[in-house]
Amino acid sequence: MDWTAIFLTFKLAACTAAALLVLGLPLAYWLATTPRRWRFAVEAVVALPIILPPTVLGFYVLMATGPRSFIGGVYGTLTGHSLPFSFTGILVGSILYNAPFAIRPFTSAFAAVDRRVIEASWCLGASRWKTFRRIILPLAWPGVLTGLVLAFAHTVGEFGVVLMLGGNVSAQTRTISISIYDSVQAMDYAAAHNASLFLVAFAFISLCVTYALQRRVLPL
Amino acid sequence: MTDATRLEARLGKRRGEMMVRADFALAGGGEDRVLVLFGPSASGKSTILRCLAGLERPDEGRVSFGGEIWSDAASGKFVAPQYRSIGFMAQDYALFPHLDVRENIAYGVGARNATEAKARVGELLERFGIGDVASRKPAELSGGQQQRVALARALAREPGLLLLDEPLSALDAPTRMTLRRELREVIEPIEIPAIVVTHDPAEAELLGHTVLVLDAGQVLQMGPVREVFASPCSRRVAEIVGFENVVGHADLKNHPQLLSIVNNNAENRAWGAVCFRAHAVEVMRSGSGLRGRLTHIEPEGPLVRMEIDCGVALVALVPAATWGTVAARIGDEVVCRVSDGAWRFVAD
């Protein structure tokens, strides 16, 4: 088994989920509460990766972050590295690609919190931030956890975006799905089998956790 | 005390097609410090309460409390609910489901030192008799206990104004009866002004001193509860406060026998209708009075409700025991009499 690839995959998934927790929660909260009519456009952008081929997203991120692009240029000047074919590069792609899997459950969880409970908190003198921290987030927590599990699991199984952006650099960008592709190309079916079975088991467990969370079977 | 707790509200709030308007003042301390907003559903009473709480921003007018302006549409000034000295109790109590009773109450106590806050929570738990359920979650409480927790929480930060939105509507009828009295016992000793939204006449009479009758966003009548409920100023108010019988001027003209209700003195007065309650109608098998045909009989606890067609349909509510001796059936001819002084002329 390619343990380097497995470790890298889980590192990428953990970083993606963490980044989506930080970036996704405020966006999801805004989506769940804004009265703005053009909210649907933002929702559509967030959901785009669900139907776009990963190659398309990978291609555009590659174009946007290449050394000759603005973002790539700034990043290069600041860090001395380039984004494509690096861990940071695939992380950026991964965050964008997995955003809907985290943000959509977050949004429905926030939207499901009873409005009157929120108003009761305001009327008791609690600021919006305190209300979010003490009331909304605890009540929406199963949904938030579902989003994180989905984003993590989906990142583990990601292939197209990583290949487009990262290529196949060991310990940098070669995740487990790329490693399987490699093994098959090299006709090492035994290695491909092992890694594939590992992914199947992992996906099954993740989904079990997700559904159990949604039915509130697991204690929180 | 009165100045520091004086609420002045003159506001308008658009609600779909309807414009909700109200204009009133209220102060603590005195007899008349509990105001009831009374009206059918969707008449705008909750909207007014939400404007006072700061949960809605009025489109017109100004609200001030104790000299401080809470909202002013003209200048755009608006104080968020967090900064208003209010205790707001929502219709279904809106208790925090993930916090236990103690935490729910402590949430409202606000920023003080820990010992003081703890003492305050303990005092409220004791005062509302919920000390023994302090570590239960709201879902494990009875309706009555939930109401007490909600009230304790609303009073936790010692508000200057208490706002109760349909406080008893979440309960079943028997519990409502008991809690109505309990709620009164809680509100009575508090010196602060309170506003109660309700559509139940019994609730309004028991809890309120002053009533504001609303319909379709407009205030139709305001005054002492007993007075308004006994002498509505218009036909619509009579209907809203629960007069079962409202007979229009034209009906009275078309059915001369109905004039006996008002002792035949209807001619020289400017009025639109005559109204009287169902329990003021006496029903007999024979004798002098209004002749009509019994069209409907329905037992209602110890009473019997019936409809009699006397040219217009009248509703009567008589004790079951009395009714037993009349022994009339649907289709039978009966005679009705309206008790002297039980009817009122009202404007159209």
# chains A, B, ... in the order shown; residues from 1 in each chain; ligands from 1
call {"tool": "interface_residues", "arguments": {"of": "chain A", "to": "chain B", "cutoff": "9 Å", "atoms": "only C-alpha atoms", "output": "PyMOL selection string"}}
result
chain A and resi 114-128+135+138-139
call {"tool": "select_by_dssp", "arguments": {"residues": "region 138-212 of chain A", "states": "helix (DSSP H, G or I)", "output": "VMD selection string"}}
result
chain A and resid 138 to 156 160 to 166 176 to 185 189 to 212
call {"tool": "select_by_dssp", "arguments": {"residues": "region 33-265 of chain B", "states": "strand (DSSP E or B)", "output": "JSON, numbers by chain"}}
result
{"B": [34, 35, 36, 37, 38, 60, 61, 62, 63, 64, 65, 68, 69, 70, 71, 72, 77, 78, 86, 87, 88, 89, 161, 162, 163, 164, 165, 194, 195, 196, 197, 198, 210, 211, 212, 213, 214, 215, 218, 219, 220, 221, 222, 223, 224, 234, 245, 246, 247, 248]}
call {"tool": "atom_distance", "arguments": {"atom1": "CA of Tyr29 (chain A)", "atom2": "CA of Arg15 (chain B)"}}
result
25.9 Å
call {"tool": "residues_around", "arguments": {"residues": "Gly167 (chain A)", "least_positions_apart": "2", "cutoff": "9 Å", "atoms": "only C-alpha atoms", "output": "VMD selection string"}}
result
chain A and resid 84 to 86 162 to 165 169 173 to 174 178
call {"tool": "write_last_selection", "arguments": {"atoms": "all heavy atoms", "output": "PDB file, in the first residue's frame"}}
result
ATOM      1  N   PRO A  84       0.697  25.694  -9.020  1.00  0.00           N
ATOM      2  CA  PRO A  84       0.453  24.404  -9.653  1.00  0.00           C
ATOM      3  C   PRO A  84       1.555  23.393  -9.300  1.00  0.00           C
ATOM      4  O   PRO A  84       2.686  23.781  -9.021  1.00  0.00           O
ATOM      5  CB  PRO A  84       0.476  24.720 -11.140  1.00  0.00           C
ATOM      6  CG  PRO A  84       0.200  26.177 -11.218  1.00  0.00           C
ATOM      7  CD  PRO A  84       0.804  26.767  -9.995  1.00  0.00           C
ATOM      8  N   PHE A  85       1.165  22.138  -9.280  1.00  0.00           N
ATOM      9  CA  PHE A  85       2.073  21.022  -8.970  1.00  0.00           C
ATOM     10  C   PHE A  85       2.656  21.116  -7.573  1.00  0.00           C
ATOM     11  O   PHE A  85       3.747  20.677  -7.314  1.00  0.00           O
ATOM     12  CB  PHE A  85       3.181  20.906 -10.038  1.00  0.00           C
ATOM     13  CG  PHE A  85       2.604  20.912 -11.427  1.00  0.00           C
ATOM     14  CD1 PHE A  85       2.740  22.020 -12.250  1.00  0.00           C
ATOM     15  CD2 PHE A  85       1.884  19.804 -11.875  1.00  0.00           C
ATOM     16  CE1 PHE A  85       2.161  22.032 -13.501  1.00  0.00           C
ATOM     17  CE2 PHE A  85       1.303  19.817 -13.127  1.00  0.00           C
ATOM     18  CZ  PHE A  85       1.431  20.939 -13.957  1.00  0.00           C
ATOM     19  N   SER A  86       1.896  21.787  -6.651  1.00  0.00           N
ATOM     20  CA  SER A  86       2.325  21.815  -5.248  1.00  0.00           C
ATOM     21  C   SER A  86       1.128  21.422  -4.383  1.00  0.00           C
ATOM     22  O   SER A  86      -0.011  21.425  -4.848  1.00  0.00           O
ATOM     23  CB  SER A  86       2.802  23.212  -4.851  1.00  0.00           C
ATOM     24  OG  SER A  86       1.691  24.074  -4.731  1.00  0.00           O
ATOM     25  N   VAL A 162      -7.146  17.145  -8.878  1.00  0.00           N
ATOM     26  CA  VAL A 162      -5.774  16.938  -8.414  1.00  0.00           C
ATOM     27  C   VAL A 162      -4.849  16.654  -9.588  1.00  0.00           C
ATOM     28  O   VAL A 162      -3.745  17.199  -9.690  1.00  0.00           O
ATOM     29  CB  VAL A 162      -5.730  15.782  -7.374  1.00  0.00           C
ATOM     30  CG1 VAL A 162      -4.292  15.495  -6.967  1.00  0.00           C
ATOM     31  CG2 VAL A 162      -6.567  16.113  -6.162  1.00  0.00           C
ATOM     32  N   LEU A 163      -5.322  15.831 -10.513  1.00  0.00           N
ATOM     33  CA  LEU A 163      -4.483  15.479 -11.665  1.00  0.00           C
ATOM     34  C   LEU A 163      -4.205  16.707 -12.522  1.00  0.00           C
ATOM     35  O   LEU A 163      -3.074  16.950 -12.945  1.00  0.00           O
ATOM     36  CB  LEU A 163      -5.174  14.387 -12.487  1.00  0.00           C
ATOM     37  CG  LEU A 163      -4.296  13.731 -13.540  1.00  0.00           C
ATOM     38  CD1 LEU A 163      -3.168  12.939 -12.870  1.00  0.00           C
ATOM     39  CD2 LEU A 163      -5.110  12.799 -14.433  1.00  0.00           C
ATOM     40  N   MET A 164      -5.239  17.516 -12.752  1.00  0.00           N
ATOM     41  CA  MET A 164      -5.071  18.705 -13.587  1.00  0.00           C
ATOM     42  C   MET A 164      -4.124  19.700 -12.938  1.00  0.00           C
ATOM     43  O   MET A 164      -3.287  20.313 -13.586  1.00  0.00           O
ATOM     44  CB  MET A 164      -6.427  19.409 -13.789  1.00  0.00           C
ATOM     45  CG  MET A 164      -7.359  18.735 -14.761  1.00  0.00           C
ATOM     46  SD  MET A 164      -6.733  18.715 -16.442  1.00  0.00           S
ATOM     47  CE  MET A 164      -7.163  20.341 -17.016  1.00  0.00           C
ATOM     48  N   LEU A 165      -4.273  19.860 -11.616  1.00  0.00           N
ATOM     49  CA  LEU A 165      -3.528  20.907 -10.930  1.00  0.00           C
ATOM     50  C   LEU A 165      -2.194  20.430 -10.399  1.00  0.00           C
ATOM     51  O   LEU A 165      -1.244  21.198 -10.300  1.00  0.00           O
ATOM     52  CB  LEU A 165      -4.348  21.409  -9.722  1.00  0.00           C
ATOM     53  CG  LEU A 165      -5.379  22.472  -9.999  1.00  0.00           C
ATOM     54  CD1 LEU A 165      -6.179  22.726  -8.735  1.00  0.00           C
ATOM     55  CD2 LEU A 165      -4.705  23.751 -10.455  1.00  0.00           C
ATOM     56  N   VAL A 169       3.217  14.165  -8.244  1.00  0.00           N
ATOM     57  CA  VAL A 169       4.473  14.376  -7.531  1.00  0.00           C
ATOM     58  C   VAL A 169       4.365  13.662  -6.182  1.00  0.00           C
ATOM     59  O   VAL A 169       3.489  13.995  -5.385  1.00  0.00           O
ATOM     60  CB  VAL A 169       4.750  15.884  -7.294  1.00  0.00           C
ATOM     61  CG1 VAL A 169       6.107  16.085  -6.621  1.00  0.00           C
ATOM     62  CG2 VAL A 169       4.658  16.641  -8.601  1.00  0.00           C
ATOM     63  N   THR A 173       1.675  15.814  -4.422  1.00  0.00           N
ATOM     64  CA  THR A 173       0.361  15.834  -5.070  1.00  0.00           C
ATOM     65  C   THR A 173      -0.156  14.446  -5.410  1.00  0.00           C
ATOM     66  O   THR A 173      -1.243  14.305  -5.926  1.00  0.00           O
ATOM     67  CB  THR A 173       0.406  16.653  -6.378  1.00  0.00           C
ATOM     68  OG1 THR A 173       1.261  15.984  -7.302  1.00  0.00           O
ATOM     69  CG2 THR A 173       0.908  18.057  -6.145  1.00  0.00           C
ATOM     70  N   ARG A 174       0.616  13.390  -5.162  1.00  0.00           N
ATOM     71  CA  ARG A 174       0.113  12.069  -5.531  1.00  0.00           C
ATOM     72  C   ARG A 174      -0.796  11.534  -4.419  1.00  0.00           C
ATOM     73  O   ARG A 174      -0.330  10.958  -3.449  1.00  0.00           O
ATOM     74  CB  ARG A 174       1.235  11.074  -5.809  1.00  0.00           C
ATOM     75  CG  ARG A 174       0.667   9.750  -6.368  1.00  0.00           C
ATOM     76  CD  ARG A 174       1.625   8.618  -6.277  1.00  0.00           C
ATOM     77  NE  ARG A 174       2.749   8.840  -7.168  1.00  0.00           N
ATOM     78  CZ  ARG A 174       3.944   8.284  -6.993  1.00  0.00           C
ATOM     79  NH1 ARG A 174       4.156   7.482  -5.967  1.00  0.00           N
ATOM     80  NH2 ARG A 174       4.927   8.528  -7.828  1.00  0.00           N
ATOM     81  N   ILE A 178      -4.807   8.994  -7.414  1.00  0.00           N
ATOM     82  CA  ILE A 178      -3.775   9.088  -8.471  1.00  0.00           C
ATOM     83  C   ILE A 178      -2.874   7.854  -8.409  1.00  0.00           C
ATOM     84  O   ILE A 178      -2.497   7.282  -9.439  1.00  0.00           O
ATOM     85  CB  ILE A 178      -2.914  10.362  -8.267  1.00  0.00           C
ATOM     86  CG1 ILE A 178      -3.801  11.588  -8.161  1.00  0.00           C
ATOM     87  CG2 ILE A 178      -1.850  10.477  -9.359  1.00  0.00           C
ATOM     88  CD1 ILE A 178      -3.909  12.463  -9.334  1.00  0.00           C
TER      89      ILE A 178
END
call {"tool": "atom_distance", "arguments": {"atom1": "CA of Thr146 (chain A)", "atom2": "CA of Tyr211 (chain A)"}}
result
8.2 Å
call {"tool": "residues_around", "arguments": {"residues": "region 217-232 of chain B", "least_positions_apart": "3", "cutoff": "8 Å", "atoms": "only C-alpha atoms", "output": "list in words"}}
result
Met18, Met19, Val20, Arg21, Ala22, Ser43, Gly44, Lys45, Ala204, Glu205, Gly208, His209, Thr210, Val211, Leu212, Val213, Leu214, Arg235, Val237, Ala238, Val241, Arg344 and Val346 of chain B
call {"tool": "residues_around", "arguments": {"residues": "region 99-111 of chain A", "least_positions_apart": "2", "cutoff": "6 Å", "atoms": "only C-alpha atoms", "output": "PyMOL selection string"}}
result
chain A and resi 24+28+32+46-47+95-97+113+140+143-144+147-148+150-151
call {"tool": "atom_distance", "arguments": {"atom1": "CA of Gly66 (chain A)", "atom2": "CA of Leu23 (chain A)"}}
result
23.3 Å
call {"tool": "residues_around", "arguments": {"residues": "Asp251 (chain B)", "least_positions_apart": "5", "cutoff": "10 Å", "atoms": "only C-alpha atoms", "output": "count of residues only"}}
result
6
call {"tool": "residues_around", "arguments": {"residues": "Asp72 (chain B)", "least_positions_apart": "2", "cutoff": "7 Å", "atoms": "only C-alpha atoms", "output": "list in words"}}
result
Gly61, Arg62, Val63, Trp70, Ala74, Ser75, Gly76, Lys77 and Phe78 of chain B
call {"tool": "closest_residue", "arguments": {"among": "A:Ala17, A:Gly160, A:Ala171, A:Ile136", "to": "Leu52 (chain A)", "atoms": "only C-alpha atoms"}}
result
A:Gly160
call {"tool": "closest_residue", "arguments": {"among": "A:Ala112, A:Leu91, A:Leu62, A:Ala41", "to": "Leu20 (chain A)", "atoms": "only C-alpha atoms"}}
result
A:Leu91
